[in-house]
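Enquirer: Following this line is coords_9.tsv, made up of TSV, C-alpha atoms:
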```tsv
chain	number	residue	atom	x	y	z
K	253	MET	CA	0.15	-21.80	-16.59
K	254	GLU	CA	-1.45	-20.01	-19.56
K	255	ASP	CA	-4.03	-22.78	-20.04
K	256	GLN	CA	-4.90	-22.72	-16.33
K	257	THR	CA	-5.36	-18.93	-16.46
K	258	GLU	CA	-7.66	-19.23	-19.48
K	259	ARG	CA	-9.78	-21.89	-17.74
K	260	LYS	CA	-10.11	-19.73	-14.61
K	261	THR	CA	-11.06	-16.71	-16.70
K	262	GLU	CA	-13.75	-18.72	-18.49
K	263	LYS	CA	-15.20	-19.88	-15.15
K	264	THR	CA	-15.14	-16.36	-13.78
K	265	SER	CA	-16.98	-14.86	-16.73
K	266	GLY	CA	-19.78	-17.44	-16.41
K	267	LEU	CA	-20.55	-16.86	-12.72
K	268	ALA	CA	-23.68	-15.01	-11.63
K	269	CYS	CA	-24.05	-13.32	-8.25
K	270	PHE	CA	-27.14	-14.01	-6.19
K	271	GLY	CA	-29.88	-11.39	-6.37
K	272	GLU	CA	-31.82	-10.09	-3.37
K	273	GLU	CA	-34.98	-12.15	-3.79
K	274	GLU	CA	-33.18	-15.47	-4.31
K	275	TYR	CA	-30.36	-14.90	-1.84
K	276	GLU	CA	-31.64	-16.68	1.26
K	277	ALA	CA	-32.83	-19.77	-0.64
K	278	ARG	CA	-29.61	-20.05	-2.66
K	279	MET	CA	-27.47	-19.77	0.46
K	280	ARG	CA	-29.57	-22.26	2.43
K	281	ASP	CA	-30.20	-24.83	-0.30
K	282	THR	CA	-27.05	-24.62	-2.45
K	283	VAL	CA	-24.10	-22.81	-0.92
K	284	GLU	CA	-24.09	-24.03	2.67
K	285	PRO	CA	-24.69	-27.74	1.83
K	286	ALA	CA	-21.98	-27.66	-0.85
K	287	LEU	CA	-19.37	-26.20	1.49
K	288	ALA	CA	-20.42	-28.39	4.43
K	289	GLU	CA	-19.52	-31.47	2.38
K	290	ILE	CA	-15.89	-30.44	1.96
K	291	ARG	CA	-15.17	-28.22	4.96
K	292	GLN	CA	-12.17	-29.23	7.07
K	293	SER	CA	-12.10	-27.44	10.42
K	294	GLY	CA	-9.62	-27.46	13.25
K	295	ARG	CA	-7.87	-25.56	15.99
K	296	LEU	CA	-4.27	-24.50	16.29
K	297	ALA	CA	-2.42	-23.60	19.47
K	298	VAL	CA	-1.15	-20.01	19.57
K	299	LYS	CA	0.01	-17.71	22.33
K	300	GLY	CA	-2.69	-17.68	25.03
K	301	GLY	CA	-5.02	-20.31	23.55
K	302	GLU	CA	-6.22	-21.61	20.20
K	303	VAL	CA	-7.51	-20.18	16.93
K	304	TYR	CA	-10.25	-21.86	14.91
K	305	TYR	CA	-9.77	-22.33	11.15
K	306	GLU	CA	-11.60	-23.78	8.16
K	307	LEU	CA	-10.21	-25.19	4.91
K	308	PHE	CA	-12.15	-25.72	1.68
K	309	PRO	CA	-10.04	-27.94	-0.59
K	310	LEU	CA	-10.13	-28.15	-4.36
K	311	GLU	CA	-7.67	-30.56	-5.96
K	312	GLY	CA	-4.90	-28.93	-7.96
K	313	ALA	CA	-6.10	-25.39	-7.23
K	314	ASP	CA	-4.30	-22.28	-6.03
K	315	THR	CA	-5.26	-21.12	-2.53
K	316	VAL	CA	-6.89	-17.89	-1.36
K	317	VAL	CA	-6.22	-17.17	2.33
K	318	ILE	CA	-8.88	-14.93	3.92
K	319	SER	CA	-8.14	-12.53	6.78
K	320	HIS	CA	-11.45	-11.13	8.08
K	321	GLY	CA	-12.35	-7.77	9.54
K	322	PHE	CA	-13.22	-6.43	12.99
K	323	SER	CA	-16.11	-8.25	14.73
K	324	GLU	CA	-16.43	-10.66	11.77
K	325	SER	CA	-15.92	-14.44	11.55
K	326	THR	CA	-15.36	-17.32	9.16
K	327	GLU	CA	-19.16	-17.56	8.78
K	328	LYS	CA	-19.37	-14.20	7.06
K	329	PHE	CA	-17.33	-15.35	4.07
K	330	THR	CA	-19.42	-18.36	3.07
K	331	GLU	CA	-20.78	-16.80	-0.12
K	332	PHE	CA	-17.39	-15.42	-1.11
K	333	ILE	CA	-15.72	-18.81	-0.57
K	334	TYR	CA	-18.38	-20.46	-2.73
K	335	TYR	CA	-17.62	-18.03	-5.57
K	336	LEU	CA	-13.89	-18.64	-5.18
K	337	ARG	CA	-14.37	-22.38	-5.56
K	338	GLN	CA	-16.65	-21.91	-8.54
K	339	ALA	CA	-13.84	-19.87	-10.09
K	340	GLY	CA	-11.28	-22.61	-9.47
K	341	TYR	CA	-9.68	-21.67	-6.14
K	342	GLN	CA	-9.54	-23.44	-2.81
K	343	ALA	CA	-9.88	-21.31	0.32
K	344	ALA	CA	-8.69	-21.03	3.91
K	345	VAL	CA	-10.10	-18.78	6.62
K	346	TRP	CA	-9.79	-18.48	10.38
K	347	ASP	CA	-11.30	-16.56	13.27
K	348	HIS	CA	-8.80	-13.97	14.52
K	349	ARG	CA	-8.22	-14.03	18.27
K	350	GLY	CA	-11.07	-12.23	20.01
K	351	HIS	CA	-13.52	-13.34	17.32
K	352	GLY	CA	-15.78	-16.28	16.51
K	353	ARG	CA	-14.63	-19.61	17.90
K	354	SER	CA	-11.09	-18.49	18.68
K	355	LEU	CA	-9.57	-17.53	22.02
K	356	ARG	CA	-10.77	-14.46	23.89
K	357	GLU	CA	-8.43	-12.30	25.95
K	358	GLY	CA	-11.18	-10.61	27.96
K	359	LYS	CA	-14.08	-11.80	30.09
K	360	ASP	CA	-16.82	-10.29	27.90
K	361	LYS	CA	-17.10	-12.22	24.60
K	362	ASN	CA	-18.89	-9.23	23.10
K	363	ILE	CA	-15.72	-7.10	23.35
K	364	VAL	CA	-12.75	-7.60	21.03
K	365	HIS	CA	-9.47	-7.20	22.87
K	366	VAL	CA	-5.88	-7.76	21.75
K	367	GLU	CA	-2.67	-6.83	23.49
K	368	ASP	CA	-0.95	-5.91	20.22
K	369	PHE	CA	-1.69	-6.38	16.51
K	370	GLU	CA	1.60	-8.27	16.28
K	371	ASP	CA	-0.24	-11.13	18.00
K	372	TYR	CA	-2.59	-11.30	15.00
K	373	VAL	CA	0.40	-11.36	12.67
K	374	GLU	CA	2.14	-14.12	14.59
K	375	ASP	CA	-1.08	-16.17	14.78
K	376	MET	CA	-1.24	-15.91	10.99
K	377	ARG	CA	2.40	-16.92	10.67
K	378	ARG	CA	1.77	-19.98	12.85
K	379	LEU	CA	-1.19	-20.97	10.67
K	380	MET	CA	0.81	-20.50	7.51
K	381	GLU	CA	3.73	-22.59	8.72
K	382	GLU	CA	1.78	-25.38	10.41
K	383	ARG	CA	-1.34	-25.68	8.23
K	384	LEU	CA	-1.74	-23.46	5.20
K	385	LYS	CA	1.49	-24.02	3.29
K	386	ASP	CA	0.91	-27.77	3.44
K	387	PHE	CA	-2.71	-27.23	2.42
K	388	ALA	CA	-1.59	-25.18	-0.60
K	389	GLY	CA	0.86	-27.84	-1.71
K	390	SER	CA	2.65	-26.82	-4.91
K	391	GLY	CA	0.01	-24.19	-5.77
K	392	ASN	CA	0.21	-20.45	-5.34
K	393	LEU	CA	-0.91	-18.68	-2.17
K	394	TYR	CA	-2.98	-15.51	-2.57
K	395	LEU	CA	-4.18	-13.24	0.24
K	396	PHE	CA	-7.63	-11.67	0.56
K	397	ALA	CA	-7.71	-9.35	3.56
K	398	HIS	CA	-10.60	-7.12	4.63
K	399	SER	CA	-10.59	-4.01	6.87
K	400	MET	CA	-8.90	-4.96	10.18
K	401	GLY	CA	-7.73	-8.09	8.38
K	402	GLY	CA	-6.31	-5.80	5.69
K	403	CYS	CA	-4.14	-4.05	8.26
K	404	ILE	CA	-3.05	-7.42	9.63
K	405	GLY	CA	-2.42	-8.64	6.09
K	406	ALA	CA	-0.29	-5.61	5.22
K	407	LEU	CA	1.78	-6.04	8.39
K	408	TYR	CA	2.22	-9.70	7.49
K	409	LEU	CA	3.36	-8.91	3.94
K	410	GLU	CA	5.85	-6.38	5.32
K	411	THR	CA	7.25	-8.90	7.82
K	412	TYR	CA	7.11	-12.08	5.70
K	413	PRO	CA	7.32	-10.81	2.11
K	414	GLU	CA	7.87	-14.20	0.45
K	415	ASP	CA	4.79	-16.15	1.58
K	416	PHE	CA	2.18	-14.86	-0.89
K	417	LYS	CA	2.27	-14.35	-4.63
K	418	LYS	CA	-0.43	-11.62	-4.70
K	419	ALA	CA	-2.70	-9.84	-2.23
K	420	VAL	CA	-6.08	-8.11	-2.30
K	421	LEU	CA	-6.53	-5.58	0.50
K	422	ASN	CA	-10.25	-4.83	0.66
K	423	ALA	CA	-11.05	-1.50	2.37
K	424	PRO	CA	-8.00	-1.95	4.62
K	425	MET	CA	-8.11	-0.34	8.04
K	426	PHE	CA	-5.03	1.87	8.06
K	427	ALA	CA	-6.89	4.68	9.81
K	428	ILE	CA	-10.26	4.34	11.53
K	429	GLU	CA	-12.95	6.84	10.50
K	430	LEU	CA	-13.89	8.77	13.66
K	431	GLY	CA	-15.76	11.68	12.16
K	432	ALA	CA	-14.90	14.94	13.85
K	433	CYS	CA	-12.67	13.29	16.46
K	434	PRO	CA	-8.97	13.47	15.47
K	435	LEU	CA	-7.16	10.14	15.50
K	436	PHE	CA	-4.46	11.47	17.83
K	437	ALA	CA	-7.10	12.45	20.39
K	438	ALA	CA	-8.70	9.00	20.28
K	439	GLY	CA	-5.27	7.43	20.67
K	440	ALA	CA	-4.48	9.61	23.66
K	441	LEU	CA	-7.77	8.68	25.35
K	442	CYS	CA	-7.09	4.98	24.85
K	443	LYS	CA	-3.61	5.27	26.31
K	444	VAL	CA	-4.98	7.04	29.39
K	445	GLN	CA	-7.62	4.35	29.90
K	446	LYS	CA	-4.96	1.66	29.59
K	447	LEU	CA	-2.84	3.40	32.23
K	448	LEU	CA	-5.89	3.50	34.51
K	449	GLY	CA	-6.28	-0.27	34.18
K	450	HIS	CA	-9.23	-0.26	31.75
K	451	LYS	CA	-7.54	-1.71	28.68
K	452	LYS	CA	-9.99	-4.63	28.37
K	453	GLU	CA	-13.10	-2.53	28.92
K	454	ARG	CA	-15.50	-1.47	26.18
K	455	LEU	CA	-14.63	1.66	24.23
K	456	PHE	CA	-17.13	4.26	25.45
K	457	THR	CA	-18.38	5.06	21.91
K	458	GLN	CA	-19.49	1.46	21.28
K	459	GLY	CA	-22.27	-0.75	22.58
K	460	GLU	CA	-23.41	-4.33	22.96
K	461	PHE	CA	-24.59	-6.59	20.16
K	462	ASP	CA	-27.86	-5.35	18.67
K	463	PRO	CA	-30.02	-8.28	17.50
K	464	GLU	CA	-32.10	-5.79	15.51
K	465	GLU	CA	-29.19	-3.97	13.90
K	466	PRO	CA	-30.76	-1.75	11.23
K	467	PHE	CA	-29.85	-2.34	7.62
K	468	GLU	CA	-29.42	1.39	7.06
K	469	THR	CA	-26.39	1.57	9.37
K	470	SER	CA	-24.83	-1.68	8.17
K	471	CYS	CA	-21.67	-1.97	6.06
K	472	THR	CA	-23.40	-3.53	3.05
K	473	ASP	CA	-25.86	-2.17	0.51
K	474	SER	CA	-27.52	-5.61	0.27
K	475	ARG	CA	-30.46	-5.99	2.64
K	476	ALA	CA	-30.67	-9.74	1.98
K	477	ARG	CA	-27.02	-10.29	2.93
K	478	HIS	CA	-27.35	-8.11	6.01
K	479	LEU	CA	-30.41	-10.00	7.29
K	480	TYR	CA	-28.95	-13.42	6.51
K	481	TYR	CA	-25.80	-12.93	8.57
K	482	LEU	CA	-27.65	-11.06	11.33
K	483	ALA	CA	-29.87	-14.12	11.80
K	484	LYS	CA	-26.77	-16.27	12.23
K	485	ARG	CA	-25.39	-13.86	14.82
K	486	ARG	CA	-28.64	-13.99	16.80
K	487	GLU	CA	-28.37	-17.78	16.97
K	488	ASN	CA	-24.70	-18.01	17.90
K	489	PRO	CA	-23.15	-16.03	20.80
K	490	ASP	CA	-19.68	-16.67	19.33
K	491	LEU	CA	-20.60	-14.37	16.44
K	492	GLN	CA	-21.87	-11.48	18.56
K	493	THR	CA	-18.64	-9.54	19.01
K	494	SER	CA	-19.50	-5.94	18.25
K	495	SER	CA	-17.28	-3.55	20.17
K	496	ALA	CA	-13.63	-2.87	20.82
K	497	SER	CA	-11.66	-2.54	24.02
K	498	TYR	CA	-9.48	0.48	24.73
K	499	GLY	CA	-6.48	-1.80	24.29
K	500	TRP	CA	-7.65	-2.99	20.87
K	501	ALA	CA	-8.29	0.58	19.69
K	502	ASP	CA	-4.89	1.79	20.87
K	503	SER	CA	-3.16	-1.09	19.10
K	504	ALA	CA	-5.26	-0.63	15.94
K	505	ILE	CA	-4.28	3.04	15.63
K	506	ARG	CA	-0.60	2.23	16.06
K	507	ALA	CA	-0.77	-0.76	13.71
K	508	GLY	CA	-2.37	1.25	10.91
K	509	LYS	CA	0.37	3.87	11.08
K	510	ARG	CA	3.02	1.15	11.10
K	511	ALA	CA	1.50	-0.59	8.07
K	512	VAL	CA	1.58	2.64	6.04
K	513	ARG	CA	5.06	3.59	7.25
K	514	ASN	CA	6.53	0.21	6.22
K	515	ALA	CA	4.59	-0.28	2.98
K	516	SER	CA	7.76	-0.10	0.89
K	517	ARG	CA	8.78	-3.50	2.30
K	518	ILE	CA	6.04	-5.21	0.25
K	519	ARG	CA	7.43	-6.98	-2.81
K	520	ILE	CA	4.35	-8.56	-4.41
K	521	PRO	CA	1.48	-7.18	-6.53
K	522	VAL	CA	-1.31	-5.69	-4.39
K	523	LEU	CA	-4.85	-4.76	-5.41
K	524	LEU	CA	-6.18	-2.20	-2.93
K	525	VAL	CA	-9.96	-1.87	-3.13
K	526	GLN	CA	-11.68	1.30	-1.94
K	527	ALA	CA	-15.40	1.63	-1.24
K	528	GLY	CA	-16.87	4.96	-2.29
K	529	ARG	CA	-19.44	4.93	0.52
K	530	ASP	CA	-17.08	3.72	3.25
K	531	ASP	CA	-17.78	5.28	6.64
K	532	GLN	CA	-15.51	2.94	8.63
K	533	VAL	CA	-11.98	3.68	7.42
K	534	LYS	CA	-10.16	6.64	5.90
K	535	ALA	CA	-9.38	6.61	2.17
K	536	ALA	CA	-6.47	9.04	2.62
K	537	ALA	CA	-4.45	6.50	4.61
K	538	GLN	CA	-5.10	3.85	1.95
K	539	GLU	CA	-3.88	6.22	-0.76
K	540	LYS	CA	-0.75	7.05	1.22
K	541	PHE	CA	-0.06	3.32	1.54
K	542	ALA	CA	-0.55	2.78	-2.21
K	543	ALA	CA	1.67	5.75	-3.09
K	544	ALA	CA	4.52	4.22	-1.10
K	545	ILE	CA	4.61	1.19	-3.43
K	546	PRO	CA	3.42	2.51	-6.82
K	547	GLN	CA	5.22	-0.29	-8.68
K	548	ASN	CA	3.37	-2.96	-6.68
K	549	CYS	CA	-0.03	-1.49	-5.78
K	550	ARG	CA	-3.08	-0.83	-7.95
K	551	LEU	CA	-6.08	1.07	-6.60
K	552	ALA	CA	-9.60	0.02	-7.59
K	553	ARG	CA	-12.48	2.20	-6.38
K	554	PHE	CA	-16.12	1.09	-6.34
K	555	ALA	CA	-18.02	4.33	-6.01
K	556	GLU	CA	-21.36	2.84	-4.92
K	557	ALA	CA	-20.00	0.17	-2.57
K	558	LYS	CA	-20.11	0.36	1.20
K	559	HIS	CA	-17.32	-0.94	3.46
K	560	GLU	CA	-18.02	-4.64	2.90
K	561	CYS	CA	-17.51	-4.67	-0.87
K	562	TYR	CA	-17.38	-8.48	-0.89
K	563	ARG	CA	-21.00	-8.56	0.38
K	564	SER	CA	-22.42	-5.97	-1.98
K	565	SER	CA	-25.69	-6.33	-3.87
K	566	ALA	CA	-25.43	-8.27	-7.13
K	567	PRO	CA	-24.88	-5.34	-9.55
K	568	ILE	CA	-21.85	-4.07	-7.59
K	569	LEU	CA	-20.67	-7.52	-6.53
K	570	SER	CA	-20.49	-8.78	-10.10
K	571	ASP	CA	-18.00	-6.08	-11.11
K	572	TYR	CA	-16.15	-6.34	-7.82
K	573	ARG	CA	-15.75	-10.10	-7.98
K	574	LYS	CA	-14.56	-9.93	-11.59
K	575	THR	CA	-11.94	-7.32	-10.64
K	576	VAL	CA	-10.63	-9.48	-7.78
K	577	LEU	CA	-10.59	-12.73	-9.75
K	578	ASP	CA	-9.04	-11.13	-12.83
K	579	PHE	CA	-6.26	-9.86	-10.57
K	580	TYR	CA	-5.64	-13.34	-9.15
K	581	ASN	CA	-5.97	-14.95	-12.60
K	582	SER	CA	-3.47	-12.70	-14.36
K	583	CYS	CA	-0.03	-14.19	-14.89
K	584	ASN	CA	2.03	-11.10	-14.02
```
Go ahead and render the structure in this file as structure tokens.
Expert:
Amino acid sequence: MEDQTERKTEKTSGLACFGEEEYEARMRDTVEPALAEIRQSGRLAVKGGEVYYELFPLEGADTVVISHGFSESTEKFTEFIYYLRQAGYQAAVWDHRGHGRSLREGKDKNIVHVEDFEDYVEDMRRLMEERLKDFAGSGNLYLFAHSMGGCIGALYLETYPEDFKKAVLNAPMFAIELGACPLFAAGALCKVQKLLGHKKERLFTQGEFDPEEPFETSCTDSRARHLYYLAKRRENPDLQTSSASYGWADSAIRAGKRAVRNASRIRIPVLLVQAGRDDQVKAAAQEKFAAAIPQNCRLARFAEAKHECYRSSAPILSDYRKTVLDFYNSCN
């Protein structure tokens, strides 16, 4: 184990993140062809339909399982998966229901709807039991969970505490940032709309996919990364989810509170990453979660990062990636 940790640490220290000017060419000419050669994709039956997943094997390696955020997809983690493999890890990722190539519970593919966040958790459990544990073999399973996926990941760890050895919760969505609007008021509005039969309709504060989404309002400080993924979204309607239903928002608010309330059930080491320039989720809820499990949770704050820390510009991403990989690499 010690030798394996040393080898991973050596690989990690030698990795360079892609800079802005080289980003598009490196992704197009190096990253995407390399992952296309080894990608294993499939679909798994879950309640109401199927979820789409991708596996990126590496013989004898530990496995990082990726749970993505709201309105994201497997496609958004291509660069991150490449870095994981370069550091000696294999990876698994799937499109949560309502996203990407997975089942949709509403008529408008642009709107993310879910009846309850427990459906996300049980989809994940089904994947773990029927695909991912076999994929991992005798190696360790580590979780990387971002934003909405961080809330789902926390709920999973609280319900099934033995499945993962460690977890990184990246800017987890325990409380949505709504500015001046109190969370209880937003929750009340969503409940009323559900009672009126509008649970699958678009939340009034959100709009349709914007093919010209400005970089300035994006969740990354890297213009190159923003433009690269935006181009993919323009080309593929499956990637154009961009707004929530009243039902999703109601469930998200309740799920975040539940994740914080039950944090003490988590038994494994957790690295909780905060972004200093995050305008999507509330830091206070993350800190309350961490305080509930001080023996198991370490906070790491990246002052200059925006919400999507894993897609930051190279100067931030280098430190961020090292922090994440050092956490996975450490023996304790």
Enquirer: Using only C-alpha atoms, list the residues that have an atom at most 10 Å from (0.2, -2.3, -9.8), coordinates as in the file, as an mmCIF file with C-alpha atoms, keeping the file's coordinate frame.
Expert:
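Result saved to point-v5.cif:
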```cif
data_model
loop_
_atom_site.group_PDB
_atom_site.id
_atom_site.type_symbol
_atom_site.label_atom_id
_atom_site.label_comp_id
_atom_site.auth_asym_id
_atom_site.auth_seq_id
_atom_site.Cartn_x
_atom_site.Cartn_y
_atom_site.Cartn_z
ATOM 1 C CA ILE K 520 4.350 -8.560 -4.410
ATOM 2 C CA PRO K 521 1.480 -7.180 -6.530
ATOM 3 C CA VAL K 522 -1.310 -5.690 -4.390
ATOM 4 C CA LEU K 523 -4.850 -4.760 -5.410
ATOM 5 C CA LEU K 524 -6.180 -2.200 -2.930
ATOM 6 C CA ALA K 542 -0.550 2.780 -2.210
ATOM 7 C CA ILE K 545 4.610 1.190 -3.430
ATOM 8 C CA PRO K 546 3.420 2.510 -6.820
ATOM 9 C CA GLN K 547 5.220 -0.290 -8.680
ATOM 10 C CA ASN K 548 3.370 -2.960 -6.680
ATOM 11 C CA CYS K 549 -0.030 -1.490 -5.780
ATOM 12 C CA ARG K 550 -3.080 -0.830 -7.950
ATOM 13 C CA LEU K 551 -6.080 1.070 -6.600
ATOM 14 C CA PHE K 579 -6.260 -9.860 -10.570
ATOM 15 C CA ASN K 584 2.030 -11.100 -14.020
#
```
Enquirer: Rank K:Ala476, K:Leu482, K:Ile505, K:Leu577 by their smallest atom-to-atom distance to Leu395 of chain K, using only C-alpha atoms, and report the top residue only.
Expert: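 Among the listed residues, K:Leu577 lies closest to Leu395 of chain K.
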Enquirer: Please, what distance in Å, to one decimal, runs between atom CA of Cys403 of chain K and atom CA of Phe426 of chain K?
Expert: 6.0 Å
Enquirer: Which residue out of K:Phe322, K:Phe554, K:Tyr394, K:Phe541 has the minimum interatomic distance to Lys418 of chain K when all atoms listed in the file are used?
Expert: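 Answer, going by the shortest atom-to-atom distance: K:Tyr394.
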Enquirer: Which residue, K:Ala432, K:Ala555, K:Ala423, K:Leu441, has the smallest gap to Phe396 of chain K when you use only C-alpha atoms?
Expert: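 Nearest to Phe396 of chain K: K:Ala423.
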Enquirer: Calculate how many Å separate atom CA of Glu306 of chain K from atom CA of Asp578 of chain K, rounding to one decimal.
Expert: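 If I compute the distance from atom CA of Glu306 of chain K to atom CA of Asp578 of chain K, I get 24.6 Å.
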Enquirer: What is the distance, in Å and to one decimal place, between atom CA of Phe329 of chain K and atom CA of Ala483 of chain K?
Expert: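 One can read the atom CA of Phe329 of chain K to atom CA of Ala483 of chain K distance as 14.8 Å.
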Enquirer: Which residues are near Arg475 of chain K? Cut-off 12 Å, all atoms listed in the file, ignore same chain within fewer than 3 positions. Put them as a short mmCIF file (atom, residue, chain, number, x, y, z; two decimals) with C-alpha atoms, in the frame of the given file.
Expert:
```cif
data_model
loop_
_atom_site.label_atom_id
_atom_site.label_comp_id
_atom_site.auth_asym_id
_atom_site.auth_seq_id
_atom_site.Cartn_x
_atom_site.Cartn_y
_atom_site.Cartn_z
CA GLY K 271 -29.88 -11.39 -6.37
CA GLU K 272 -31.82 -10.09 -3.37
CA GLU K 273 -34.98 -12.15 -3.79
CA TYR K 275 -30.36 -14.90 -1.84
CA GLU K 276 -31.64 -16.68 1.26
CA GLU K 465 -29.19 -3.97 13.90
CA PRO K 466 -30.76 -1.75 11.23
CA PHE K 467 -29.85 -2.34 7.62
CA GLU K 468 -29.42 1.39 7.06
CA THR K 469 -26.39 1.57 9.37
CA SER K 470 -24.83 -1.68 8.17
CA CYS K 471 -21.67 -1.97 6.06
CA THR K 472 -23.40 -3.53 3.05
CA HIS K 478 -27.35 -8.11 6.01
CA LEU K 479 -30.41 -10.00 7.29
CA TYR K 480 -28.95 -13.42 6.51
CA TYR K 481 -25.80 -12.93 8.57
CA LEU K 482 -27.65 -11.06 11.33
CA ARG K 563 -21.00 -8.56 0.38
CA SER K 564 -22.42 -5.97 -1.98
CA SER K 565 -25.69 -6.33 -3.87
CA ALA K 566 -25.43 -8.27 -7.13
#
```
Enquirer: Looking at all atoms listed in the file, which of K:Leu307, K:Ala343, K:Ala313, K:Val364 is the one that sits closest to Asp490 of chain K?
Expert: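 Nearest to Asp490 of chain K: K:Val364.
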Enquirer: Which one of K:Ala388, K:Ala397, K:Leu296, K:Leu569 sits closest to Gly312 of chain K if you count only C-alpha atoms?
Expert: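 The closest residue to Gly312 of chain K is K:Ala388.
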Enquirer: Extract, using all atoms listed in the file, all DNA, RNA and protein residues at most 9 Å from Lys299 of chain K, discarding same-chain residues fewer than 6 positions from it, and format them as a list of chain:residue names.
Expert: K:Asp371, K:Glu374, K:Asp375
Enquirer: Which is closest to Val444 of chain K among K:Asp531, K:Asp502, K:Asp473, K:Glu284, if we use only C-alpha atoms?
Expert: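 Smallest distance to Val444 of chain K is found for K:Asp502.
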